[in-house]
Structures are given as structure tokens and as C-alpha cells.
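Trainee: This is run-v1.txt (compact mmCIF, C-alpha atoms).
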```txt
# COMPACT_ATOMS: atom_id res chain seq x y z
CA MET S 37 -80.93 106.42 -310.83
CA ALA S 38 -77.51 106.50 -309.23
CA SER S 39 -78.22 103.26 -307.32
CA ALA S 40 -79.25 101.52 -310.57
CA ASP S 41 -75.97 102.54 -312.26
CA ALA S 42 -73.96 101.30 -309.28
CA LEU S 43 -75.81 97.98 -309.37
CA LEU S 44 -75.11 97.58 -313.12
CA TYR S 45 -71.43 98.44 -312.64
CA GLY S 46 -71.07 95.94 -309.78
CA SER S 47 -72.71 93.22 -311.85
CA ILE S 48 -70.26 93.76 -314.71
CA VAL S 49 -67.23 93.67 -312.42
CA GLY S 50 -68.50 90.56 -310.65
CA PHE S 51 -69.10 88.75 -313.95
CA ALA S 52 -65.57 89.64 -315.12
CA VAL S 53 -64.00 88.31 -311.91
CA VAL S 54 -65.94 85.04 -312.06
CA SER S 55 -65.02 84.55 -315.73
CA TRP S 56 -61.32 85.07 -314.97
CA LEU S 57 -61.43 82.56 -312.08
CA VAL S 58 -63.14 79.93 -314.26
CA TRP S 59 -60.56 80.39 -317.05
CA LYS S 60 -57.61 80.41 -314.66
CA PHE S 61 -58.41 77.32 -312.60
CA LEU S 62 -60.75 75.21 -314.74
CA LEU S 63 -60.07 75.80 -318.43
CA SER S 64 -56.32 76.48 -318.74
CA ALA S 65 -53.88 73.54 -318.90
CA PRO S 66 -51.24 73.26 -316.17
CA PRO S 67 -47.72 74.39 -317.17
CA ARG S 68 -45.33 71.68 -318.43
CA THR S 69 -42.48 70.68 -316.14
CA GLY S 70 -39.11 72.16 -317.09
CA ALA S 71 -40.48 74.37 -319.84
CA ALA S 72 -40.18 78.14 -319.87
CA SER S 73 -42.44 80.64 -321.57
CA SER S 74 -40.34 81.79 -324.52
CA GLY S 75 -37.17 83.51 -325.68
CA THR S 76 -34.26 83.69 -323.30
CA SER S 77 -36.12 82.14 -320.39
CA SER S 78 -36.78 79.03 -322.52
CA ALA S 79 -33.10 78.58 -323.30
CA ALA S 80 -32.13 79.19 -319.68
CA ALA S 81 -34.66 76.68 -318.40
CA ALA S 82 -33.50 74.14 -321.00
CA ALA S 83 -29.87 74.53 -320.02
CA SER S 84 -30.76 74.31 -316.33
CA SER S 85 -32.82 71.16 -316.89
CA ALA S 86 -30.03 69.55 -318.92
CA SER S 87 -27.49 70.43 -316.22
CA ARG S 88 -29.66 68.97 -313.45
CA ALA S 89 -30.24 65.85 -315.54
CA GLY S 90 -26.50 65.41 -316.07
CA ARG S 91 -25.78 65.67 -312.35
CA ALA S 92 -28.65 63.40 -311.35
CA GLY S 93 -27.85 60.79 -313.98
CA ALA S 94 -31.28 61.06 -315.60
CA PRO S 95 -32.44 62.58 -318.89
CA ALA S 96 -33.71 66.14 -318.88
CA PRO S 97 -37.50 66.68 -318.92
CA GLY S 98 -39.03 67.01 -322.37
CA THR S 99 -36.27 65.19 -324.26
CA ALA S 100 -36.85 62.41 -326.73
CA ARG S 101 -35.41 59.84 -324.31
CA THR S 102 -37.74 61.04 -321.55
CA ARG S 103 -40.74 60.76 -323.82
CA ARG S 104 -39.73 57.23 -324.84
CA ALA S 105 -39.23 56.25 -321.22
CA ALA S 106 -42.63 57.64 -320.21
CA GLY S 107 -44.37 54.46 -321.34
CA ALA S 108 -41.99 52.19 -319.42
CA SER S 109 -42.77 50.67 -316.07
CA SER S 110 -41.79 52.71 -313.05
CA SER S 111 -40.37 49.56 -311.45
CA SER S 112 -37.46 49.48 -313.96
CA PRO S 113 -35.62 52.81 -313.62
CA THR S 114 -33.10 53.81 -316.31
CA SER S 115 -29.94 55.80 -315.63
CA TYR S 116 -27.92 57.77 -318.16
CA SER S 117 -24.35 59.00 -318.20
CA SER S 118 -23.38 62.65 -318.22
CA LYS S 119 -22.37 62.34 -321.89
CA GLU S 120 -25.86 61.11 -322.81
CA ALA S 121 -27.31 63.97 -320.78
CA ASP S 122 -25.20 66.40 -322.81
CA ASP S 123 -26.47 64.76 -325.98
CA ASP S 124 -30.02 65.26 -324.72
CA ALA S 125 -29.34 68.98 -324.65
CA PHE S 126 -29.68 68.93 -328.46
CA ALA S 127 -33.40 68.28 -327.96
CA PHE S 128 -33.64 71.71 -326.33
CA GLY S 129 -32.42 73.44 -329.47
CA GLN S 130 -28.74 73.47 -328.58
CA PRO S 131 -26.48 73.60 -331.67
CA ARG S 132 -24.86 70.34 -332.75
CA CYS S 133 -21.12 69.78 -332.85
CA PRO S 134 -19.84 69.32 -336.43
CA PRO S 135 -18.10 65.92 -336.63
CA HIS S 136 -14.98 67.25 -338.36
CA VAL S 137 -14.27 70.37 -336.33
CA VAL S 138 -10.99 70.65 -334.42
CA GLU S 139 -11.43 71.86 -330.87
CA PRO S 140 -9.34 75.02 -330.33
CA ALA S 141 -6.62 74.90 -327.70
CA GLY S 142 -7.95 75.77 -324.26
CA TRP S 143 -11.58 75.66 -325.41
CA GLY S 144 -12.89 74.49 -322.04
CA LYS S 145 -16.51 74.39 -323.16
CA LYS S 146 -18.92 71.68 -324.13
CA LYS S 147 -18.59 70.00 -327.50
CA TYR S 148 -21.88 71.29 -328.87
CA GLU S 149 -20.74 74.87 -328.33
CA LEU S 150 -18.08 74.36 -331.02
CA SER S 151 -20.71 75.35 -333.57
CA GLY S 152 -19.75 78.90 -332.64
CA CYS S 153 -16.66 78.34 -334.81
CA LEU S 154 -18.80 78.22 -337.96
CA VAL S 155 -18.50 80.91 -340.62
CA GLN S 156 -21.81 81.35 -342.45
CA GLY S 157 -22.78 77.81 -341.49
CA VAL S 158 -19.52 76.22 -342.71
CA VAL S 159 -16.60 74.98 -340.62
CA PRO S 160 -13.64 77.10 -341.76
CA PHE S 161 -10.52 75.41 -343.08
CA ARG S 162 -8.43 76.44 -340.08
CA SER S 163 -10.78 74.48 -337.79
CA THR S 164 -10.65 71.21 -339.78
CA PRO S 165 -8.16 68.31 -339.54
CA ALA S 166 -7.21 68.93 -343.18
CA SER S 167 -5.44 72.21 -342.33
CA GLY S 168 -2.68 70.41 -340.44
CA TYR S 169 -2.82 67.05 -342.16
CA GLU S 170 0.45 67.42 -344.11
CA ALA S 171 2.38 68.49 -341.02
CA ARG S 172 1.05 65.53 -339.02
CA LEU S 173 1.80 63.12 -341.85
CA GLN S 174 5.34 64.44 -342.17
CA SER S 175 5.90 64.05 -338.42
CA GLN S 176 4.67 60.46 -338.53
CA LEU S 177 6.93 59.60 -341.45
CA CYS S 178 9.94 61.23 -339.84
CA ALA S 179 9.29 59.34 -336.60
CA SER S 180 9.11 56.00 -338.43
CA SER S 181 12.21 54.29 -339.83
CA ALA S 182 10.52 53.85 -343.21
CA GLY S 183 10.16 57.59 -343.76
CA GLY S 184 13.77 58.38 -344.52
CA ASP S 185 14.91 61.68 -345.95
CA ALA S 186 11.92 61.88 -348.28
CA ALA S 187 9.61 62.54 -345.32
CA SER S 188 11.35 65.79 -344.46
CA ASP S 189 10.57 67.15 -347.92
CA LEU S 190 6.93 66.05 -348.00
CA ILE S 191 5.40 69.52 -347.62
CA VAL S 192 7.80 71.01 -350.16
CA ALA S 193 7.07 68.24 -352.67
CA ASN S 194 3.31 68.64 -352.22
CA ARG S 195 3.64 72.39 -352.67
CA ARG S 196 5.46 71.83 -355.93
CA GLU S 197 2.83 69.37 -357.21
CA ARG S 198 0.05 71.71 -356.15
CA ALA S 199 1.66 74.55 -358.11
CA ARG S 200 1.61 72.35 -361.23
CA ILE S 201 -2.09 71.73 -360.74
CA PHE S 202 -2.73 75.46 -360.37
CA ALA S 203 -0.76 76.11 -363.56
CA ARG S 204 -2.95 73.67 -365.49
CA MET S 205 -6.16 74.88 -363.85
CA PHE S 206 -5.66 78.59 -364.61
CA ALA S 207 -3.78 78.23 -367.90
CA GLY S 208 -6.67 79.60 -369.97
CA GLN S 209 -7.26 82.64 -367.76
CA LYS S 210 -4.79 85.44 -368.28
CA GLY S 211 -3.68 87.04 -365.04
CA ALA S 212 -5.88 84.75 -362.95
CA ARG S 213 -4.68 83.72 -359.52
CA PRO S 214 -5.79 80.81 -357.33
CA PRO S 215 -7.96 81.61 -354.32
CA ASN S 216 -6.21 82.09 -351.00
CA ARG S 217 -5.51 79.11 -348.78
CA GLY S 218 -8.58 77.94 -346.88
CA ALA S 219 -11.13 79.19 -349.44
CA ASN S 220 -14.31 77.21 -350.13
CA ILE S 221 -14.08 75.45 -353.50
CA VAL S 222 -16.40 72.96 -355.20
CA LEU S 223 -15.26 70.24 -357.61
CA ALA S 224 -17.65 68.24 -359.78
CA ILE S 225 -16.81 64.76 -361.13
CA ARG S 226 -18.69 61.90 -362.72
CA HIS S 227 -19.65 58.85 -360.67
CA THR S 228 -17.37 56.66 -362.82
CA ASP S 229 -14.28 58.68 -361.80
CA VAL S 230 -14.15 57.78 -358.11
CA SER S 231 -11.62 54.95 -358.51
CA CYS S 232 -9.03 56.97 -360.45
CA ALA S 233 -5.57 57.37 -358.84
CA LYS S 234 -4.99 60.70 -360.59
CA LEU S 235 -8.20 62.04 -359.11
CA GLN S 236 -7.01 60.92 -355.67
CA LYS S 237 -3.89 63.02 -356.10
CA VAL S 238 -5.89 66.08 -357.16
CA LEU S 239 -8.31 65.77 -354.25
CA PHE S 240 -5.47 65.20 -351.77
CA LEU S 241 -3.49 68.26 -352.86
CA LEU S 242 -6.53 70.53 -353.08
CA GLY S 243 -8.16 69.14 -349.93
CA THR S 244 -5.09 69.89 -347.81
CA TYR S 245 -5.02 73.49 -349.07
CA TYR S 246 -8.69 74.43 -349.48
CA ASN S 247 -12.04 73.83 -347.81
CA LEU S 248 -13.02 71.22 -350.38
CA PHE S 249 -16.54 70.12 -351.37
CA LEU S 250 -17.03 67.37 -353.94
CA LEU S 251 -20.12 67.00 -356.14
CA ILE S 252 -20.64 63.66 -357.87
CA ASP S 253 -22.64 63.77 -361.09
CA GLY S 254 -24.99 60.80 -361.04
CA SER S 255 -26.38 61.15 -364.56
CA GLY S 256 -26.18 57.80 -366.28
CA ALA S 257 -25.86 55.94 -362.99
CA PRO S 258 -28.03 52.89 -362.24
CA GLN S 259 -31.57 53.92 -361.51
CA CYS S 260 -32.40 53.86 -357.81
CA THR S 261 -36.12 53.90 -357.15
CA LYS S 262 -36.06 53.67 -353.36
CA ASP S 263 -34.44 55.97 -350.83
CA GLU S 264 -32.49 53.08 -349.32
CA GLU S 265 -31.01 52.24 -352.73
CA VAL S 266 -29.93 55.86 -353.22
CA ARG S 267 -28.29 55.95 -349.78
CA GLU S 268 -26.44 52.70 -350.42
CA PHE S 269 -25.23 53.97 -353.79
CA VAL S 270 -23.92 57.21 -352.26
CA LYS S 271 -22.27 55.28 -349.42
CA ARG S 272 -20.50 53.05 -351.92
CA LEU S 273 -19.18 56.04 -353.88
CA ARG S 274 -17.91 57.68 -350.69
CA SER S 275 -16.27 54.46 -349.59
CA GLU S 276 -14.48 54.03 -352.91
CA LEU S 277 -13.15 57.58 -352.70
CA LEU S 278 -11.97 57.45 -349.11
CA ASN S 279 -10.68 53.86 -349.10
CA HIS S 280 -8.85 53.70 -352.41
CA SER S 281 -6.51 50.72 -352.30
CA ASP S 282 -4.36 51.74 -355.30
CA ALA S 283 -3.45 55.17 -353.94
CA GLU S 284 -0.11 55.06 -352.13
CA GLU S 285 1.52 58.48 -351.94
CA TYR S 286 -1.66 60.54 -352.13
CA ARG S 287 -4.18 58.57 -350.11
CA LEU S 288 -7.43 60.40 -349.47
CA SER S 289 -9.06 60.11 -346.04
CA SER S 290 -12.00 61.50 -344.10
CA ASP S 291 -9.63 63.93 -342.35
CA ILE S 292 -9.03 65.62 -345.71
CA LEU S 293 -12.50 65.21 -347.21
CA PRO S 294 -15.24 64.39 -344.68
CA PRO S 295 -17.89 62.01 -346.09
CA HIS S 296 -20.71 64.51 -345.66
CA ARG S 297 -18.85 66.92 -347.96
CA ILE S 298 -19.14 64.39 -350.79
CA ALA S 299 -22.55 65.22 -352.24
CA PHE S 300 -24.50 63.51 -355.01
CA ALA S 301 -26.62 65.20 -357.69
CA SER S 302 -28.25 63.50 -360.64
CA THR S 303 -28.99 66.72 -362.56
CA SER S 304 -27.14 69.88 -363.47
CA LYS S 305 -29.81 71.93 -361.68
CA GLY S 306 -29.00 70.07 -358.50
CA ARG S 307 -25.33 71.03 -358.73
CA VAL S 308 -26.23 74.65 -359.39
CA ALA S 309 -28.54 74.68 -356.36
CA PHE S 310 -25.82 73.15 -354.15
CA VAL S 311 -23.27 75.82 -355.06
CA ARG S 312 -25.77 78.65 -354.62
CA GLN S 313 -26.73 77.42 -351.15
CA LEU S 314 -23.11 77.10 -350.04
CA HIS S 315 -22.03 80.47 -348.64
CA GLY S 316 -18.61 81.81 -349.52
CA THR S 317 -17.84 79.63 -352.55
CA GLU S 318 -14.83 81.21 -354.28
CA LEU S 319 -14.20 78.66 -357.04
CA VAL S 320 -16.20 76.01 -358.89
CA VAL S 321 -14.61 73.43 -361.22
CA ASP S 322 -17.08 71.65 -363.52
CA CYS S 323 -17.32 70.21 -367.01
CA ASP S 324 -20.99 70.91 -367.78
CA GLU S 325 -21.59 74.00 -369.90
CA ASP S 326 -25.12 74.43 -368.52
CA VAL S 327 -23.82 74.52 -364.95
CA ILE S 328 -21.10 76.99 -365.88
CA THR S 329 -23.53 79.31 -367.66
CA GLU S 330 -25.97 79.32 -364.75
CA LEU S 331 -23.32 79.90 -362.08
CA GLU S 332 -21.54 82.64 -363.99
CA ARG S 333 -24.89 84.38 -364.28
CA PHE S 334 -24.95 84.60 -360.47
CA GLY S 335 -21.39 85.87 -360.25
CA PHE S 336 -19.53 82.66 -359.35
CA ARG S 337 -16.01 82.05 -360.54
CA VAL S 338 -16.12 78.86 -362.60
CA ILE S 339 -13.41 76.85 -364.37
CA VAL S 340 -14.34 74.34 -367.06
CA TYR S 341 -12.41 71.17 -367.83
CA PRO S 342 -12.92 68.83 -370.81
CA GLN S 343 -15.19 65.84 -370.39
CA LYS S 344 -12.89 63.50 -372.32
CA SER S 345 -11.62 60.55 -370.32
CA GLU S 346 -9.83 57.33 -371.17
CA GLY S 347 -11.33 54.19 -369.69
CA ARG S 348 -11.64 54.56 -365.92
CA VAL S 349 -9.29 57.55 -365.81
CA SER S 350 -11.03 60.61 -364.43
CA ALA S 351 -11.48 63.50 -366.87
CA LEU S 352 -10.59 65.97 -364.11
CA GLY S 353 -7.62 63.92 -362.94
CA ASN S 354 -6.33 63.46 -366.47
CA TYR S 355 -6.70 67.20 -367.13
CA LEU S 356 -4.88 68.39 -364.02
CA VAL S 357 -2.34 65.56 -363.78
CA PRO S 358 -1.36 64.71 -367.39
```
Show the structure stored in the file as C-alpha cells.
Mentor:
Amino acid sequence: MASADALLYGSIVGFAVVSWLVWKFLLSAPPRTGAASSGTSSAAAAASSASRAGRAGAPAPGTARTRRAAGASSSSPTSYSSKEADDDAFAFGQPRCPPHVVEPAGWGKKKYELSGCLVQGVVPFRSTPASGYEARLQSQLCASSAGGDAASDLIVANRRERARIFARMFAGQKGARPPNRGANIVLAIRHTDVSCAKLQKVLFLLGTYYNLFLLIDGSGAPQCTKDEEVREFVKRLRSELLNHSDAEEYRLSSDILPPHRIAFASTSKGRVAFVRQLHGTELVVDCDEDVITELERFGFRVIVYPQKSEGRVSALGNYLVP
């Protein structure tokens, strides 16, 4: 009886060992080159592969460029610069560098690591070119012969004009105060207002003081049925805003308002969704009562301005710069 039990036990153990060997060496796929199992080891292996690729002048294993090159002939080798190798690191899940972030003094790290400057997914005002735009502009004017004495008073003059805008903006709210410098604010305008000089002044003065986001209301705009048509329409609106030929003293630029912060929404629900998804919004300026009602319901601070406009004069610009 004991010998029969021993034979049964040995058979079970032998079957288990054979099954493991078959699974290990015949059924399982070989590990991928340059890939780690998971978690921290995956990130470490990715960084190591990217570093080796940068030193060797070749793309890191597993990147998009490597996969594209896999089908090429081995007789025509392709070399890549260290910058392209750093760009390939994004394929390993490395954070991307925001295009409008200012590298802190003595950063000494790679560009893509600048995403560590983000606050709730948003580049703070202190890390954008807009925070020091007025000082740089004043220095340029003072250095040029055309600047004259007026250049030395540029910041003071802008501060005075900005105070007038705040007075108009918060006139209907007793005891209300503007948000602190660098706060996230959202302004909504109509698509027909982008070529207004008064609006340029408002966006310049607010964009050099706040982290500004601009929402363009596309209701009533030409119908765009294809994605390419929508993209071209949005590009044209951004270009008109950032390359306004009539604006002289208050000329808006991408340093003040980056193009990707000019968003387009064809419905009021789209504008509400944008504000709700943007973390840390301290002020919203809109003219649509439905938008205001919805945002106030979620605790946002909203200021309404009249929709009346004269010709191609912006309703917001005409309200804040009479």
C-alpha cells in the first residue's frame, strides 16, 4: 500500500515538472529587448535604453522610430543625433516639455523634465514668458533710440491702464477684488471679435498679469464639416489674434498668449466643460447667461459683460476699454 502511494506521488511530481518545462521553453514567448517587467524597473530600463541610444547615435529599442526602421534594409543604416534620442524618450512614457515654459536658472536637467514645474497640469504664470514680458519690452525700448523717456514709464503706464480695466470689470460687485497676480483666468469672446484693437489691449494687459486662457465662441461661424476645415478655421482665428497688424502699443504675441491656450467651442456646454476641466480657475469672464448659471452652480467666480457690440468692435473690448 505504501509503495502504491509513493508511486502515485512520484507520478504527480514528475507530471508537474514536465509541464513546467514545456511551458517555460516551448510555449512562452521570449522577452522583448530593452523592456522591463513593470513599475519602476520599466522606467529604469527605458531611461537606460534611451541613454545608451543617445550615446551610440541610434534610437532606443521599442521607440516609434525603431519600429519604422525595422522594415528598412540593413544595408542602409540610419544614425540619429542625441537630441532625437532625447525626443525618443517620450515613447517610453517620459513627460513632454510644455512649449511655453521658461527653464529655471541653473536647471541642469533635460528639457522633458520641466514638466515637473506644472501645478495641477498647468504651467504656472511665474514659469511662462508672459510673467517677465513687460520688463523685457521696457529694456528693449530703453536700449533703442526710438524708445525715449516713454519707455522708462512703460510698466507704470500699463499698471495704470490695468487698474482702469479692473475698475470696469468689478464695478457691479461691491467689495470685490481682482484675483492675485498669476491666477488662472478664462475669457470668452465671439469669433467676430478677434480683429478688434480694444480687445488686443485687454488681452495684453490681462495676459501680462494673469495666466490667461481664451475661449472663442464659434456659434454662428461658417459650418465646418471636416476636421481639416475646423483646424484651418481655428488656425486662422489664432493667427488674427497673435498677428494683429493694427495693434501698435498693445501688440499681442505668443509669449503673452500661447496659441494652444486659445481654445474654440461652438456651444455653451463646451465652454462650461473647458472651465470645469481646467484646475485652479479663479475667474471667468463671459457674456452667456447659460454659461454663467452653470459655472456659478459649481462654485466658479464669474463676471458677465454685455453682448452689445458696434460693427467689428469687440463687446468685451468695448466694455472694458470704453
Trainee: Enter the distance from atom CA of S:Leu331 to atom CA of S:Leu319, in Å, rounded to one decimal.
Mentor: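 Calculated distance between atom CA of S:Leu331 and atom CA of S:Leu319 is 10.5 Å.
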Trainee: Using only C-alpha atoms, pick whichever of S:Gly256, S:Phe300, S:Glu268, S:Asn220 has the shortest atom-to-atom distance to S:Val320.
Mentor: S:Asn220
Trainee: With all atoms listed in the file as the atoms that count, which of S:Val230, S:Val327, S:Cys178, S:Leu251 lies nearest to S:Asn279?
Mentor: S:Val230
Trainee: Would you mind listing what lies within 7 Å of S:Ile252 as a short mmCIF file (atom, residue, chain, number, x, y, z; two decimals) with C-alpha atoms, in the coordinates of the input, with only C-alpha atoms counted and same-chain residues fewer than 4 positions away left out?
Mentor:
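And here is the file that came out, selection.cif:
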```
data_model
loop_
_atom_site.label_atom_id
_atom_site.label_comp_id
_atom_site.auth_asym_id
_atom_site.auth_seq_id
_atom_site.Cartn_x
_atom_site.Cartn_y
_atom_site.Cartn_z
CA ALA S 224 -17.65 68.24 -359.78
CA ILE S 225 -16.81 64.76 -361.13
CA ARG S 226 -18.69 61.90 -362.72
CA HIS S 227 -19.65 58.85 -360.67
CA ALA S 299 -22.55 65.22 -352.24
CA PHE S 300 -24.50 63.51 -355.01
CA ALA S 301 -26.62 65.20 -357.69
#
```
Trainee: Given only C-alpha atoms as the basis, pick out the residue of S:Phe161, S:Phe269, S:Tyr246, S:Phe206 nearest to S:Val340.
Mentor: S:Phe206
Trainee: Which polymer residues have any atom within 6 Å of an atom of S:Ser289, counting only C-alpha atoms, with same-chain residues fewer than 2 positions away left out, as number ranges by chain?
Mentor: S: 278, 291-292
Trainee: Quote the spacing between atom CA of S:Pro295 and atom CA of S:Ala203 in Å to one decimal place.
Mentor: 28.2 Å
Trainee: For atom CA of S:Leu241 and atom CA of S:Leu273, quote the distance in Å rounded to one decimal.
Mentor: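 Atom CA of S:Leu273 lies 19.9 Å from atom CA of S:Leu241.
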Trainee: Kindly indicate which residue among S:Val158, S:Gly211, S:Asn194, S:Arg312 lies nearest to S:Gln174, using only C-alpha atoms for the distances.
Mentor: S:Asn194
Trainee: Which one is closest to S:Glu139: S:Ser175, S:Ser275, S:Thr164, S:Asn354? Count only C-alpha atoms.
Mentor: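 Comparing S:Ser175, S:Ser275, S:Thr164, S:Asn354 against S:Glu139, the winner is S:Thr164.
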Trainee: For S:Arg274, which residue among S:Lys262, S:Arg297, S:Arg287, S:Lys344 is the nearest when counting all atoms listed in the file?
Mentor: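 Under the stated criterion, the closest residue is S:Arg297.
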Trainee: For a quick check of your reading of the model, name the residues lying within 7 Å of the coordinate (-12.3, 57.7, -355.2), counting all atoms listed in the file, and write them as JSON, numbers by chain.
Mentor: {"S": [229, 230, 231, 232, 236, 276, 277, 278, 280]}
